[in-house]
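Engineer: The structure that follows is given in the form of structure tokens.
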Amino acid sequence: MQAIRVRGFGGPEVLRLEEVPDPVPGPGEVLVRLRAAGVNPVDTYIRSGSYARRPELPYVPGSDGAGEVAAVGPDVEGGPRPGERVYVAGAPTYAQMVAAPAAAVWPLPPGLTFEQGAAVGVPYRTAYLALHLAARAQPGDRVLVRGGSGGVGIAAIQIAAAHGCEVVATAGTAGGRALVEEAGALASCGHGEDARLLDLAGPRGYDVIVEMLANVNLASDLSLLAPHGRVAVVGSRGEVTVDPRQLMSRSAAVLGVMAMSADERRRIHLALGAGLRNGTLRPVVGPGFPLTEASAAHVAVMSPGARGKVILRVP
Ligand code: NAP
């Protein structure tokens, strides 16, 4: 099969298409013929060698994708059957096939494309974790998604809106702002428009802020919070100075978002499956690249002007 492989950490050019042996599903694994792969910012951090977790070289990048089940290994009980359409969340997907742990393979409901399926894994799981498990968003809460136009942002807007929250979102371009409003935000503005964000917060402030770039926005987030407000930090690319008094005066909290147990992960995918089936969750696919152009996709996912999820089309 064809796969992208990384033989040495570095820039996007280290992503090379190679011919590699087809994977064989071992015990507890499902073999998926992939049709699309999701490109997440973390894929670029890992590729560059700057991420805390460094895979052994050479490695096939990716974690998210979608396709059809080709075969099921031994000891997989009650899992997907050959031919079933699935999305993969947690196995190397920049390839034509992946032997994924059965726990990383979930049904792709009819009506969703493979590209949409490839947009589910990391973005929707992270958005759900941020809103429900970390910030414990409640119906009626005013939620600010700061960075709404990308993979996690669109997911967070849809999940919060489906939960009965009033959502405001930011984006860096007019196109991005139109997209976040289509996704369910009641209003939108630019990332750094603090006066406008204060207006849109209403008299209380934001009960929940889902933050994609904390090193730029965290100090401002704290000043926009309602009493007992919660900031869920999803993304940060550096350090930041904040005034802790902003937290004290509101009995507010800042929560990091990343780790989850295997059981939490399973429950999150069960919840996402319900939303994907009933149509409240509709992944928005942005720029698409052929697998051969994985390096261009890595440049795109780190460029401003997000319009949904960057994906790779697998031949
Ligand atoms: P993405 O699809 O590349 O989207 C990036 C988003 O950040 C876009 O909406 C972009 O808006 C926005 N942005 C740009 N400048 C911003 C600013 N000054 N303030 C707020 N937002 C800004 O990436 P993603 O998949 O949504 O991930 C977003 C961040 O979360 C990344 O840093 C990623 O590494 C991180 N992340 C963390 C976890 C975790 O487990 N904690 C999981 C997934 C992602 P415009 O392009 O419209 O300007």
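To be explicit about the labels: the chains of the structure tokens are called A, B, and onward in the order shown, and within each one the residues are counted from 1, while ligands get numbers from 1 in the order they are shown.
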Excluding Leu197 (chain A) and any residue of its chain fewer than 3 positions from it, enumerate the residues within 9 Å of it, using only C-alpha atoms, and give them as a ChimeraX atom specification.
Structural biologist: /A:144,168,170,188-194,200-201,224
Engineer: In region 95-295 of chain A, what's helix (DSSP H, G or I) per DSSP? Answer as a PyMOL selection string?
Structural biologist: chain A and resi 102-104+114-118+121-134+151-162+174-183+194-201+214-224+244-248+262-278+291-295
Engineer: Give me the residues near region 229-236 of chain A as a PyMOL selection string, where near means some atom within 7 Å (using only C-alpha atoms) and where sequence neighbours in that chain fewer than 2 positions away do not count.
Structural biologist: chain A and resi 130+134-135+206-215+225-227+238+252-257
Engineer: Skipping near chain neighbours, those fewer than 4 positions away, what residues fall within 9 Å of Asp22 (chain A) using only C-alpha atoms, listed as a compact mmCIF listing (two decimals) with N, CA, C and O atoms, in the first residue's frame?
Structural biologist:
```
# COMPACT_ATOMS: atom_id res chain seq x y z
N MET A 1 0.85 -1.20 0.00
CA MET A 1 0.00 0.00 0.00
C MET A 1 0.88 1.24 0.00
O MET A 1 2.07 1.18 0.29
N GLN A 2 0.24 2.36 -0.29
CA GLN A 2 0.95 3.64 -0.22
C GLN A 2 0.72 4.27 1.15
O GLN A 2 -0.40 4.21 1.68
N GLN A 96 -3.10 4.13 2.97
CA GLN A 96 -4.28 3.52 2.36
C GLN A 96 -4.97 2.55 3.31
O GLN A 96 -6.17 2.30 3.16
N MET A 97 -4.23 1.99 4.25
CA MET A 97 -4.83 1.06 5.21
C MET A 97 -4.23 1.27 6.58
O MET A 97 -3.07 1.68 6.70
N VAL A 98 -5.03 0.95 7.60
CA VAL A 98 -4.51 0.98 8.97
C VAL A 98 -5.11 -0.20 9.74
O VAL A 98 -6.29 -0.52 9.58
```
Engineer: Report as a list of chain:residue names all protein, DNA and RNA residues lying within 10 Å of Val285 (chain A), evaluated on only C-alpha atoms, omitting residues in the same chain fewer than 3 positions from it.
Structural biologist: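 Those residues are A:Gly38, A:Thr113, A:Glu115, A:Gln116, A:Gly117, A:Ala118, A:Ala119, A:Gly150, A:Gly151, A:Arg282, A:Gly288, A:Arg307, A:Gly308, A:Lys309, A:Val310, A:Ile311.
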Engineer: Hey, what's within 10 Å of Glu181 (chain A) if we count only C-alpha atoms and toss same-chain stuff fewer than 6 positions away? As a PyMOL selection string, please?
Structural biologist: chain A and resi 148-149+154+157+167-170+187-188
Engineer: Mind dumping the selected residues with N, CA and C atoms as a compact mmCIF listing (two decimals), in the first residue's frame?
Structural biologist:
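Output (out_3.txt):
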```txt
# COMPACT_ATOMS: atom_id res chain seq x y z
N GLY A 148 -12.97 29.83 16.52
CA GLY A 148 -14.09 28.95 16.16
C GLY A 148 -14.04 28.38 14.76
N SER A 149 -13.14 28.86 13.91
CA SER A 149 -13.20 28.52 12.49
C SER A 149 -12.44 27.26 12.10
N ILE A 154 -15.17 24.58 15.30
CA ILE A 154 -16.48 24.24 14.71
C ILE A 154 -17.16 23.18 15.56
N ILE A 157 -18.53 24.73 18.76
CA ILE A 157 -19.75 25.52 18.52
C ILE A 157 -20.95 24.58 18.39
N VAL A 167 -23.90 30.66 22.05
CA VAL A 167 -22.49 30.63 21.63
C VAL A 167 -22.09 31.89 20.87
N VAL A 168 -20.94 32.43 21.26
CA VAL A 168 -20.26 33.49 20.51
C VAL A 168 -18.93 32.90 20.07
N ALA A 169 -18.47 33.22 18.86
CA ALA A 169 -17.22 32.64 18.40
C ALA A 169 -16.38 33.67 17.67
N THR A 170 -15.07 33.46 17.66
CA THR A 170 -14.17 34.36 16.92
C THR A 170 -13.55 33.63 15.74
N ALA A 187 -23.37 35.02 17.31
CA ALA A 187 -22.64 36.21 16.86
C ALA A 187 -21.16 35.86 16.77
N SER A 188 -20.42 36.69 16.02
CA SER A 188 -19.00 36.43 15.85
C SER A 188 -18.24 37.74 15.73
```
Engineer: Find the residues near Tyr128 (chain A): any atom within 9 Å, counting only C-alpha atoms, skip ones fewer than 4 places away on the same chain, and give them as JSON, numbers by chain.
Structural biologist: {"A": [123, 124, 132, 133, 134, 155, 156, 159, 160, 268, 271, 272]}
Engineer: Export, as a PDB file, in the first residue's frame, the selected residues with N, CA and C atoms.
Structural biologist:
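Written output follows (selection03.pdb):
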```
ATOM      1  N   PRO A 123     -10.644  16.563  16.816  1.00  0.00           N
ATOM      2  CA  PRO A 123     -11.371  17.814  17.047  1.00  0.00           C
ATOM      3  C   PRO A 123     -12.646  17.647  17.887  1.00  0.00           C
ATOM      4  N   TYR A 124     -13.496  16.690  17.542  1.00  0.00           N
ATOM      5  CA  TYR A 124     -14.765  16.565  18.267  1.00  0.00           C
ATOM      6  C   TYR A 124     -14.543  16.015  19.671  1.00  0.00           C
ATOM      7  N   HIS A 132     -17.761  19.589  28.184  1.00  0.00           N
ATOM      8  CA  HIS A 132     -18.546  18.797  29.136  1.00  0.00           C
ATOM      9  C   HIS A 132     -17.739  18.310  30.326  1.00  0.00           C
ATOM     10  N   LEU A 133     -16.550  17.730  30.081  1.00  0.00           N
ATOM     11  CA  LEU A 133     -15.812  17.142  31.201  1.00  0.00           C
ATOM     12  C   LEU A 133     -14.983  18.183  31.943  1.00  0.00           C
ATOM     13  N   ALA A 134     -14.399  19.147  31.216  1.00  0.00           N
ATOM     14  CA  ALA A 134     -13.581  20.170  31.889  1.00  0.00           C
ATOM     15  C   ALA A 134     -14.472  21.312  32.386  1.00  0.00           C
ATOM     16  N   ALA A 155     -16.369  22.182  15.991  1.00  0.00           N
ATOM     17  CA  ALA A 155     -16.937  21.113  16.820  1.00  0.00           C
ATOM     18  C   ALA A 155     -17.483  21.684  18.126  1.00  0.00           C
ATOM     19  N   ALA A 156     -16.721  22.589  18.751  1.00  0.00           N
ATOM     20  CA  ALA A 156     -17.150  23.167  20.028  1.00  0.00           C
ATOM     21  C   ALA A 156     -18.435  23.979  19.861  1.00  0.00           C
ATOM     22  N   ILE A 159     -21.344  21.444  19.420  1.00  0.00           N
ATOM     23  CA  ILE A 159     -21.647  20.695  20.653  1.00  0.00           C
ATOM     24  C   ILE A 159     -22.312  21.616  21.678  1.00  0.00           C
ATOM     25  N   ALA A 160     -21.787  22.840  21.817  1.00  0.00           N
ATOM     26  CA  ALA A 160     -22.363  23.771  22.792  1.00  0.00           C
ATOM     27  C   ALA A 160     -23.774  24.187  22.377  1.00  0.00           C
ATOM     28  N   ILE A 268     -17.176   9.399  25.314  1.00  0.00           N
ATOM     29  CA  ILE A 268     -17.234  10.580  24.439  1.00  0.00           C
ATOM     30  C   ILE A 268     -17.625  10.149  23.025  1.00  0.00           C
ATOM     31  N   ALA A 271     -21.261   9.466  22.759  1.00  0.00           N
ATOM     32  CA  ALA A 271     -22.032  10.720  22.690  1.00  0.00           C
ATOM     33  C   ALA A 271     -21.905  11.353  21.304  1.00  0.00           C
ATOM     34  N   LEU A 272     -20.685  11.362  20.762  1.00  0.00           N
ATOM     35  CA  LEU A 272     -20.496  11.950  19.426  1.00  0.00           C
ATOM     36  C   LEU A 272     -21.286  11.172  18.387  1.00  0.00           C
TER      37      LEU A 272
END
```
Engineer: Given the choices A:Val122, A:Ile4, A:Leu247, A:Val32, which gets closest to Pro80 (chain A) if the distance is worked out from only C-alpha atoms?
Structural biologist: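 Among the listed residues, A:Val32 lies closest to Pro80 (chain A).
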Engineer: Rank nothing, just name the residue among A:Gly90, A:Gly79, A:Pro304, A:Gly184 nearest to ligand 1, using only C-alpha atoms and all ligand atoms.
Structural biologist: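 The shortest atom-to-atom distance to ligand 1 comes from A:Pro304.
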Engineer: I'd like to know which residues of region 25-265 of chain A are strand (DSSP E) (by DSSP, run on the backbone); could you write them as a VMD selection string?
Structural biologist: chain A and resid 29 to 38 64 to 72 85 to 89 97 to 101 105 to 107 142 to 146 166 to 170 187 to 189 206 to 211 225 to 233 253 to 256
